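J.: Contents of query.csv (CSV, C-alpha atoms and all ligand atoms):
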chain,number,residue,atom,x,y,z
A,1,MET,CA,98.4,50.8,107.0
A,2,PRO,CA,98.9,54.4,108.4
A,3,GLN,CA,96.7,56.9,106.7
A,4,LEU,CA,98.3,59.5,104.4
A,5,LYS,CA,98.5,62.8,106.1
A,6,ALA,CA,97.8,66.0,104.2
A,7,ALA,CA,98.0,69.7,104.9
A,8,CYS,CA,97.4,72.7,102.7
A,9,VAL,CA,97.7,76.5,102.4
A,10,ILE,CA,94.4,78.2,102.0
A,11,GLY,CA,94.2,81.6,100.4
A,12,TRP,CA,92.4,83.7,97.8
A,13,PRO,CA,94.4,83.9,95.6
A,14,VAL,CA,97.0,81.3,96.7
A,15,GLY,CA,99.1,80.7,93.6
A,16,HIS,CA,101.9,83.0,94.9
A,17,SER,CA,102.4,81.0,98.1
A,18,ARG,CA,105.9,79.4,98.6
A,19,SER,CA,104.6,77.2,101.4
A,20,PRO,CA,104.1,74.1,99.1
A,21,LEU,CA,107.8,74.3,98.1
A,22,ILE,CA,108.9,74.5,101.7
A,23,HIS,CA,106.7,71.7,103.2
A,24,ASN,CA,107.1,69.3,100.3
A,25,TYR,CA,110.8,69.7,100.6
A,26,TRP,CA,110.6,68.6,104.3
A,27,ILE,CA,108.1,65.8,103.5
A,28,LYS,CA,110.6,64.4,101.0
A,29,GLN,CA,113.6,65.0,103.3
A,30,HIS,CA,111.9,63.1,106.2
A,31,GLY,CA,110.6,60.3,103.9
A,32,LEU,CA,107.0,60.9,105.1
A,33,ASP,CA,103.9,59.6,103.4
A,34,ALA,CA,102.3,63.0,103.4
A,35,ARG,CA,101.1,65.7,101.0
A,36,TYR,CA,100.9,69.5,101.1
A,37,ARG,CA,98.7,71.4,98.6
A,38,ARG,CA,97.3,74.8,97.6
A,39,GLU,CA,93.6,75.4,98.2
A,40,GLU,CA,92.1,78.5,96.6
A,41,ILE,CA,89.0,79.2,98.7
A,42,ALA,CA,86.8,82.3,98.3
A,43,PRO,CA,85.9,84.2,101.6
A,44,ALA,CA,82.3,83.0,101.4
A,45,ALA,CA,83.4,79.3,101.3
A,46,PHE,CA,86.2,79.6,103.9
A,47,ALA,CA,84.2,78.8,107.1
A,48,ASP,CA,82.7,75.7,105.6
A,49,PHE,CA,86.1,74.6,104.2
A,50,ILE,CA,87.9,74.8,107.5
A,51,ARG,CA,85.0,73.3,109.6
A,52,ASN,CA,85.3,70.2,107.3
A,53,LEU,CA,89.1,70.0,107.1
A,54,SER,CA,89.2,66.5,108.5
A,55,SER,CA,86.6,65.1,106.0
A,56,ARG,CA,88.6,66.7,103.2
A,57,GLY,CA,91.6,64.7,104.4
A,58,TYR,CA,93.6,67.4,106.1
A,59,VAL,CA,95.3,67.4,109.5
A,60,GLY,CA,95.9,71.2,109.3
A,61,ALA,CA,96.5,74.2,107.2
A,62,ASN,CA,98.4,77.4,106.7
A,63,ILE,CA,96.2,80.4,106.2
A,64,THR,CA,97.1,83.4,104.1
A,65,ILE,CA,95.4,86.5,102.7
A,66,PRO,CA,92.5,87.3,103.2
A,67,HIS,CA,91.5,84.6,105.7
A,68,LYS,CA,93.8,85.1,108.8
A,69,GLU,CA,91.3,87.0,110.9
A,70,ALA,CA,88.5,84.7,110.0
A,71,ALA,CA,90.7,81.7,110.8
A,72,LEU,CA,91.2,83.2,114.3
A,73,GLU,CA,87.4,83.6,114.8
A,74,LEU,CA,86.6,80.1,113.6
A,75,SER,CA,89.2,78.2,115.7
A,76,GLU,CA,90.5,77.9,119.2
A,77,PRO,CA,93.5,80.3,119.1
A,78,ASP,CA,96.5,80.0,121.4
A,79,ASP,CA,97.8,83.1,123.3
A,80,CYS,CA,100.0,84.1,120.5
A,81,ALA,CA,97.4,84.1,117.8
A,82,ARG,CA,94.9,85.9,120.1
A,83,ALA,CA,97.5,88.6,120.9
A,84,VAL,CA,98.4,89.2,117.3
A,85,GLY,CA,94.8,89.1,116.2
A,86,ALA,CA,95.3,86.7,113.3
A,87,ALA,CA,95.9,83.0,112.8
A,88,ASN,CA,98.2,81.7,110.0
A,89,THR,CA,98.3,78.0,111.1
A,90,LEU,CA,95.5,75.6,112.0
A,91,TRP,CA,95.7,72.1,113.3
A,92,LEU,CA,93.3,69.4,114.4
A,93,ASP,CA,93.7,68.3,118.0
A,94,GLY,CA,91.2,65.4,118.1
A,95,LEU,CA,87.9,67.2,117.3
A,96,ARG,CA,89.2,70.6,118.2
A,97,LEU,CA,90.4,73.0,115.5
A,98,ARG,CA,93.2,74.9,117.1
A,99,SER,CA,95.3,77.8,115.7
A,100,THR,CA,98.4,79.8,116.3
A,101,ASN,CA,100.4,82.5,114.6
A,102,THR,CA,103.8,81.3,113.5
A,103,ASP,CA,105.0,84.7,112.1
A,104,VAL,CA,106.0,85.5,115.7
A,105,GLU,CA,108.4,82.5,116.0
A,106,GLY,CA,109.5,83.0,112.4
A,107,PHE,CA,110.5,86.6,113.1
A,108,THR,CA,112.5,85.8,116.3
A,109,ALA,CA,114.0,82.5,115.2
A,110,ASN,CA,115.3,84.2,112.0
A,111,LEU,CA,117.0,86.9,114.1
A,112,ASP,CA,118.4,84.2,116.4
A,113,ASP,CA,119.8,82.4,113.4
A,114,ALA,CA,121.2,85.4,111.5
A,115,VAL,CA,122.1,87.8,114.4
A,116,PRO,CA,122.9,85.6,117.5
A,117,GLY,CA,122.5,87.4,120.8
A,118,TRP,CA,120.4,90.2,119.2
A,119,ALA,CA,117.7,90.2,122.0
A,120,GLY,CA,120.3,90.9,124.7
A,121,ARG,CA,121.5,93.9,122.9
A,122,ALA,CA,118.1,95.3,121.8
A,123,GLY,CA,117.0,97.8,124.4
A,124,GLU,CA,115.2,99.9,121.8
A,125,ALA,CA,113.8,98.9,118.4
A,126,VAL,CA,112.3,100.9,115.5
A,127,VAL,CA,109.5,99.1,113.7
A,128,LEU,CA,108.5,100.7,110.3
A,129,GLY,CA,104.9,99.9,109.6
A,130,ALA,CA,101.8,99.1,111.7
A,131,GLY,CA,100.0,96.5,109.5
A,132,GLY,CA,99.4,92.8,110.1
A,133,SER,CA,103.0,91.7,110.1
A,134,ALA,CA,103.9,94.5,112.6
A,135,ARG,CA,101.6,93.0,115.1
A,136,ALA,CA,103.5,89.7,115.0
A,137,VAL,CA,106.9,91.5,115.1
A,138,ILE,CA,105.9,93.7,118.1
A,139,TYR,CA,104.5,90.7,120.1
A,140,GLY,CA,107.8,88.8,119.3
A,141,LEU,CA,109.9,91.8,120.4
A,142,ILE,CA,108.0,92.2,123.7
A,143,GLY,CA,108.3,88.5,124.3
A,144,ARG,CA,112.1,88.7,124.0
A,145,GLY,CA,112.3,91.6,126.4
A,146,VAL,CA,112.8,94.6,124.1
A,147,GLY,CA,111.8,97.5,126.4
A,148,ARG,CA,111.0,100.3,123.9
A,149,ILE,CA,109.5,99.8,120.5
A,150,ASN,CA,109.1,102.9,118.4
A,151,VAL,CA,106.4,102.2,115.7
A,152,VAL,CA,106.8,104.6,112.8
A,153,ASN,CA,103.8,104.6,110.4
A,154,ARG,CA,102.4,106.7,107.7
A,155,SER,CA,98.9,106.5,109.3
A,156,ILE,CA,99.7,107.4,112.9
A,157,GLU,CA,96.3,106.1,114.2
A,158,ARG,CA,97.3,102.5,113.2
A,159,ALA,CA,100.5,102.9,115.3
A,160,GLU,CA,98.4,104.2,118.2
A,161,ALA,CA,96.1,101.2,117.9
A,162,LEU,CA,99.2,99.0,118.4
A,163,ARG,CA,100.0,100.8,121.7
A,164,ARG,CA,96.4,100.1,122.9
A,165,ARG,CA,96.8,96.5,121.9
A,166,PHE,CA,100.3,95.8,123.2
A,167,GLY,CA,100.8,98.4,125.9
A,168,ALA,CA,103.3,101.0,127.0
A,169,ALA,CA,106.4,99.4,125.4
A,170,VAL,CA,105.0,100.7,122.1
A,171,HIS,CA,105.7,104.3,121.1
A,172,PRO,CA,103.9,105.6,118.0
A,173,ALA,CA,105.8,108.0,115.9
A,174,GLU,CA,105.7,110.0,112.6
A,175,TRP,CA,108.2,109.4,109.8
A,176,ALA,CA,109.6,112.9,110.5
A,177,ALA,CA,110.9,111.5,113.9
A,178,LEU,CA,112.8,108.7,112.2
A,179,PRO,CA,116.4,110.2,112.2
A,180,SER,CA,116.3,110.9,116.0
A,181,LEU,CA,114.8,107.5,116.7
A,182,LEU,CA,117.4,105.7,114.6
A,183,ALA,CA,120.2,107.5,116.5
A,184,ARG,CA,119.3,105.4,119.6
A,185,CYS,CA,118.1,102.3,117.9
A,186,ASP,CA,119.5,98.8,118.4
A,187,LEU,CA,117.3,97.0,116.0
A,188,LEU,CA,115.5,98.3,112.9
A,189,VAL,CA,112.7,96.3,111.4
A,190,ASN,CA,110.9,97.1,108.1
A,191,THR,CA,107.3,95.6,108.2
A,192,THR,CA,105.9,97.9,105.5
A,193,SER,CA,105.5,96.7,101.9
A,194,LEU,CA,107.7,99.5,100.7
A,195,GLY,CA,110.7,98.2,98.8
A,196,MET,CA,108.8,95.1,97.6
A,197,THR,CA,108.8,94.4,93.9
A,198,GLY,CA,106.0,96.5,92.3
A,199,GLN,CA,105.8,98.8,95.4
A,200,PRO,CA,107.3,102.3,95.9
A,201,PRO,CA,110.9,102.2,97.3
A,202,LEU,CA,111.6,102.5,101.1
A,203,ALA,CA,113.6,105.7,101.5
A,204,VAL,CA,115.4,105.5,104.8
A,205,ASP,CA,118.8,107.2,105.4
A,206,LEU,CA,120.7,104.9,107.8
A,207,ALA,CA,123.4,107.5,108.6
A,208,PRO,CA,122.1,108.2,112.2
A,209,LEU,CA,121.9,104.4,113.0
A,210,PRO,CA,124.6,103.2,115.5
A,211,LEU,CA,127.0,100.7,113.8
A,212,GLY,CA,126.2,98.0,116.4
A,213,ALA,CA,122.5,98.0,115.4
A,214,ALA,CA,121.0,95.1,113.5
A,215,VAL,CA,118.6,95.6,110.5
A,216,THR,CA,115.9,93.2,109.3
A,217,ASP,CA,113.4,93.5,106.5
A,218,LEU,CA,110.3,91.3,106.2
A,219,VAL,CA,110.1,91.9,102.4
A,220,TYR,CA,111.6,89.0,100.6
A,221,ALA,CA,110.9,89.9,97.0
A,222,PRO,CA,113.5,91.1,96.1
A,223,LEU,CA,115.6,88.9,98.4
A,224,LYS,CA,118.1,91.7,99.0
A,225,THR,CA,116.1,94.9,99.5
A,226,SER,CA,117.7,98.3,99.2
A,227,LEU,CA,117.3,98.6,103.0
A,228,LEU,CA,119.4,95.4,103.5
A,229,ALA,CA,121.9,96.4,100.9
A,230,ALA,CA,122.4,99.8,102.5
A,231,ALA,CA,122.7,98.2,105.9
A,232,GLU,CA,125.3,95.6,104.7
A,233,ALA,CA,127.3,98.4,103.1
A,234,ARG,CA,127.6,100.0,106.5
A,235,ARG,CA,128.4,96.6,108.0
A,236,HIS,CA,125.3,96.2,110.2
A,237,ALA,CA,124.2,92.7,111.1
A,238,VAL,CA,121.2,91.8,108.9
A,239,ALA,CA,118.5,89.2,108.7
A,240,ASP,CA,116.3,88.9,105.5
A,241,GLY,CA,112.6,88.2,105.0
A,242,LEU,CA,113.2,84.8,103.3
A,243,GLY,CA,114.7,83.6,106.6
A,244,MET,CA,111.5,84.6,108.4
A,245,LEU,CA,109.3,82.9,105.8
A,246,LEU,CA,111.3,79.7,106.2
A,247,HIS,CA,111.4,79.8,110.0
A,248,GLN,CA,107.7,80.5,110.4
A,249,ALA,CA,107.0,77.2,108.5
A,250,VAL,CA,108.7,75.0,111.1
A,251,ARG,CA,106.0,75.0,113.7
A,252,GLY,CA,103.2,74.1,111.4
A,253,PHE,CA,105.1,71.1,109.9
A,254,GLU,CA,105.8,69.9,113.5
A,255,LEU,CA,102.1,70.2,114.5
A,256,TRP,CA,100.8,68.3,111.5
A,257,PHE,CA,103.4,65.7,110.9
A,258,GLY,CA,105.1,65.2,114.3
A,259,VAL,CA,108.6,66.0,113.2
A,260,ARG,CA,110.4,69.3,113.8
A,261,PRO,CA,112.1,70.2,110.5
A,262,ARG,CA,115.2,72.3,110.1
A,263,VAL,CA,115.8,75.3,107.9
A,264,THR,CA,118.8,74.1,105.9
A,265,ALA,CA,121.1,75.9,103.4
A,266,GLU,CA,119.7,73.6,100.7
A,267,LEU,CA,116.1,74.6,101.4
A,268,ARG,CA,117.1,78.3,101.4
A,269,THR,CA,118.8,77.8,98.0
A,270,LEU,CA,115.7,76.1,96.6
A,271,LEU,CA,113.5,79.1,97.6
A,272,GLU,CA,116.1,81.6,96.4
A,273,THR,CA,116.1,79.9,93.0
A,274,ASP,CA,112.3,80.0,92.9
A,275,LEU,CA,112.1,83.7,93.9
A,276,GLY,CA,114.7,84.5,91.2
A,277,LYS,CA,112.5,83.0,88.5
B,301,LIG,P1,99.8,95.4,105.6
B,301,LIG,O1,99.0,95.7,104.3
B,301,LIG,O2,99.0,94.9,106.8
B,301,LIG,O3,100.6,96.7,106.1
B,301,LIG,C1,101.3,97.4,105.2
B,301,LIG,C2,102.2,98.5,105.9
B,301,LIG,O4,102.9,99.2,104.9
B,301,LIG,C3,101.3,99.5,106.6
B,301,LIG,O5,102.0,100.0,107.8
B,301,LIG,C4,101.3,100.7,105.6
B,301,LIG,O6,101.1,101.9,106.2
B,301,LIG,C5,102.6,100.6,105.0
B,301,LIG,N1,102.7,101.2,103.6
B,301,LIG,C6,102.2,100.6,102.5
B,301,LIG,N2,102.4,101.5,101.5
B,301,LIG,C7,103.0,102.6,102.0
B,301,LIG,C8,103.4,103.8,101.4
B,301,LIG,N3,103.3,104.0,100.1
B,301,LIG,N4,104.0,104.7,102.2
B,301,LIG,C9,104.2,104.5,103.6
B,301,LIG,N5,103.8,103.3,104.2
B,301,LIG,C10,103.2,102.4,103.4
B,301,LIG,O7,100.9,94.3,105.1
B,301,LIG,P2,101.6,93.2,106.0
B,301,LIG,O8,102.0,93.8,107.3
B,301,LIG,O9,100.8,92.0,106.0
B,301,LIG,O10,102.9,92.9,105.1
B,301,LIG,C11,103.9,93.9,104.9
B,301,LIG,C12,105.1,93.2,104.2
B,301,LIG,O11,105.7,92.2,105.0
B,301,LIG,C13,104.7,92.6,102.8
B,301,LIG,O12,105.8,92.9,101.9
B,301,LIG,C14,104.7,91.1,103.1
B,301,LIG,O13,105.0,90.4,102.0
B,301,LIG,C15,105.8,91.0,104.2
B,301,LIG,N6,105.7,89.9,105.0
B,301,LIG,C16,106.7,89.0,105.1
B,301,LIG,C17,106.7,87.9,105.9
B,301,LIG,C18,107.8,87.0,106.0
B,301,LIG,O14,107.7,85.8,106.4
B,301,LIG,N7,109.0,87.4,105.5
B,301,LIG,C19,105.5,87.6,106.8
B,301,LIG,C20,104.4,88.6,106.6
B,301,LIG,C21,104.6,89.7,105.8
B,301,LIG,P3,99.6,102.5,106.4
B,301,LIG,O15,99.1,101.9,107.7
B,301,LIG,O16,99.8,104.0,106.5
B,301,LIG,O17,98.8,102.1,105.2
For this file, produce the structure as structure tokens.
Ligand code: NDP

T.:
Amino acid sequence: MPQLKAACVIGWPVGHSRSPLIHNYWIKQHGLDARYRREEIAPAAFADFIRNLSSRGYVGANITIPHKEAALELSEPDDCARAVGAANTLWLDGLRLRSTNTDVEGFTANLDDAVPGWAGRAGEAVVLGAGGSARAVIYGLIGRGVGRINVVNRSIERAEALRRRFGAAVHPAEWAALPSLLARCDLLVNTTSLGMTGQPPLAVDLAPLPLGAAVTDLVYAPLKTSLLAAAEARRHAVADGLGMLLHQAVRGFELWFGVRPRVTAELRTLLETDLGK
């Protein structure tokens, strides 16, 4: 009899993670004899936990806060995880514990889905924020040929560190430069936590943005952020953070269970309902 396959999401805390909802939906949809669970693991216990994934019955795992950098150190990362400097997906390849960062694919696949042809039109992008998710976004944008990426961040030194990491396509900038940067922007990306439920609002005046520009927000709670609402009111093409969350899950499922799942309207509705609770 084939052995039941299991994967999990490891975090500290981990109760907020929507990954079980996504992966268990796909497990059911594909009729697999598999499980996906939450594992709340403290930083001190993390290394031992992932070194013994197999004996705990797991073929792989998603990694969330605060373990993404440790996961990179403790595994064999692919080029993507190494470039981003964080791993969010682990899988066992024989005895090897390998890792990748699926936020990159999640970001670009979501844009491909919601704004077809975006990359061909995006000569210049503005990325708000220079934290962990900005690294995945910038790597994704460079991979899709975006030539100039203006990174606007409150702490300019973090944006400067991204130029050192990713090279001359990255142009660090202060918030004060935003209106002039928006005026020549083809794609605006919010990677800050501003606008998220419980966080301060993101105050950006979209007036200078050319009407052909696309707008995307990584924040998915609320689902429609004030940035996306303002962009829609001006008829910009938009992509929301929930789409990225769903698309980033695809690769992990494929690596663990051998089936490439699809992001369906039904799955999206399931998550929307859960986020609305
Ligand atoms: P980080 O903590 O690594 O970075 C936060 C960023 O927000 C930094 O650039 C920080 O600026 C900026 N910021 C925070 N507060 C303020 C403020 N008051 N004023 C100005 N700037 C501020 O977070 P992540 O990059 O990991 O995540 C950011 C958001 O993206 C979160 O809401 C997260 O949920 C979402 N996300 C969504 C994903 C998806 O799949 N949709 C995937 C990953 C993240 P500074 O450097 O100056 O502190």

J.: Of the candidates A:Trp118, A:Phe257, A:Phe49, A:Tyr36, which shows the shortest atom-to-atom distance to Val146 (chain A), using only C-alpha atoms?

T.: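 Among the listed residues, A:Trp118 lies closest to Val146 (chain A).
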
J.: Which chains and residue numbers are within 9 Å of ligand LIG 301 (chain B), counting all atoms listed in the file, if I want them as a PyMOL selection string?

T.: chain A and resi 65+103+106-107+128-136+152-159+175+190-197+199-202+217-221+240-249

J.: Could you state the separation of CA of Asn110 (chain A) and CA of Ala213 (chain A) in Å, given to one decimal place?

T.: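 If I compute the distance from CA of Asn110 (chain A) to CA of Ala213 (chain A), I get 15.9 Å.
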
J.: Give me, please, the distance in Å between CA of Ala70 (chain A) and CA of Ser99 (chain A), quoted to one decimal.

T.: 11.2 Å

J.: Rounded to one decimal, what separation in Å do you get between CA of Ser180 (chain A) and CA of Pro208 (chain A)?

T.: 7.4 Å

J.: Can you pull out the residues contacting region 46-48 of chain A? Cut-off 10 Å, using all atoms listed in the file, and skip same-chain residues under 4 positions away; I want them as a list of chain:residue names.

T.: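 My reading of the contact set: A:Ile10, A:Gly11, A:Trp12, A:Glu40, A:Ile41, A:Ala42, A:Asn52, A:Leu53, A:Pro66, A:His67, A:Ala70, A:Ala71, A:Glu73, A:Leu74, A:Ser75.
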
J.: May I have the residues from that selection written out with C-alpha atoms, as a short mmCIF file (atom, residue, chain, number, x, y, z; two decimals), in the coordinates of the input?

T.:
data_model
loop_
_atom_site.label_atom_id
_atom_site.label_comp_id
_atom_site.auth_asym_id
_atom_site.auth_seq_id
_atom_site.Cartn_x
_atom_site.Cartn_y
_atom_site.Cartn_z
CA ILE A 10 94.40 78.20 102.00
CA GLY A 11 94.20 81.60 100.40
CA TRP A 12 92.40 83.70 97.80
CA GLU A 40 92.10 78.50 96.60
CA ILE A 41 89.00 79.20 98.70
CA ALA A 42 86.80 82.30 98.30
CA ASN A 52 85.30 70.20 107.30
CA LEU A 53 89.10 70.00 107.10
CA PRO A 66 92.50 87.30 103.20
CA HIS A 67 91.50 84.60 105.70
CA ALA A 70 88.50 84.70 110.00
CA ALA A 71 90.70 81.70 110.80
CA GLU A 73 87.40 83.60 114.80
CA LEU A 74 86.60 80.10 113.60
CA SER A 75 89.20 78.20 115.70
#
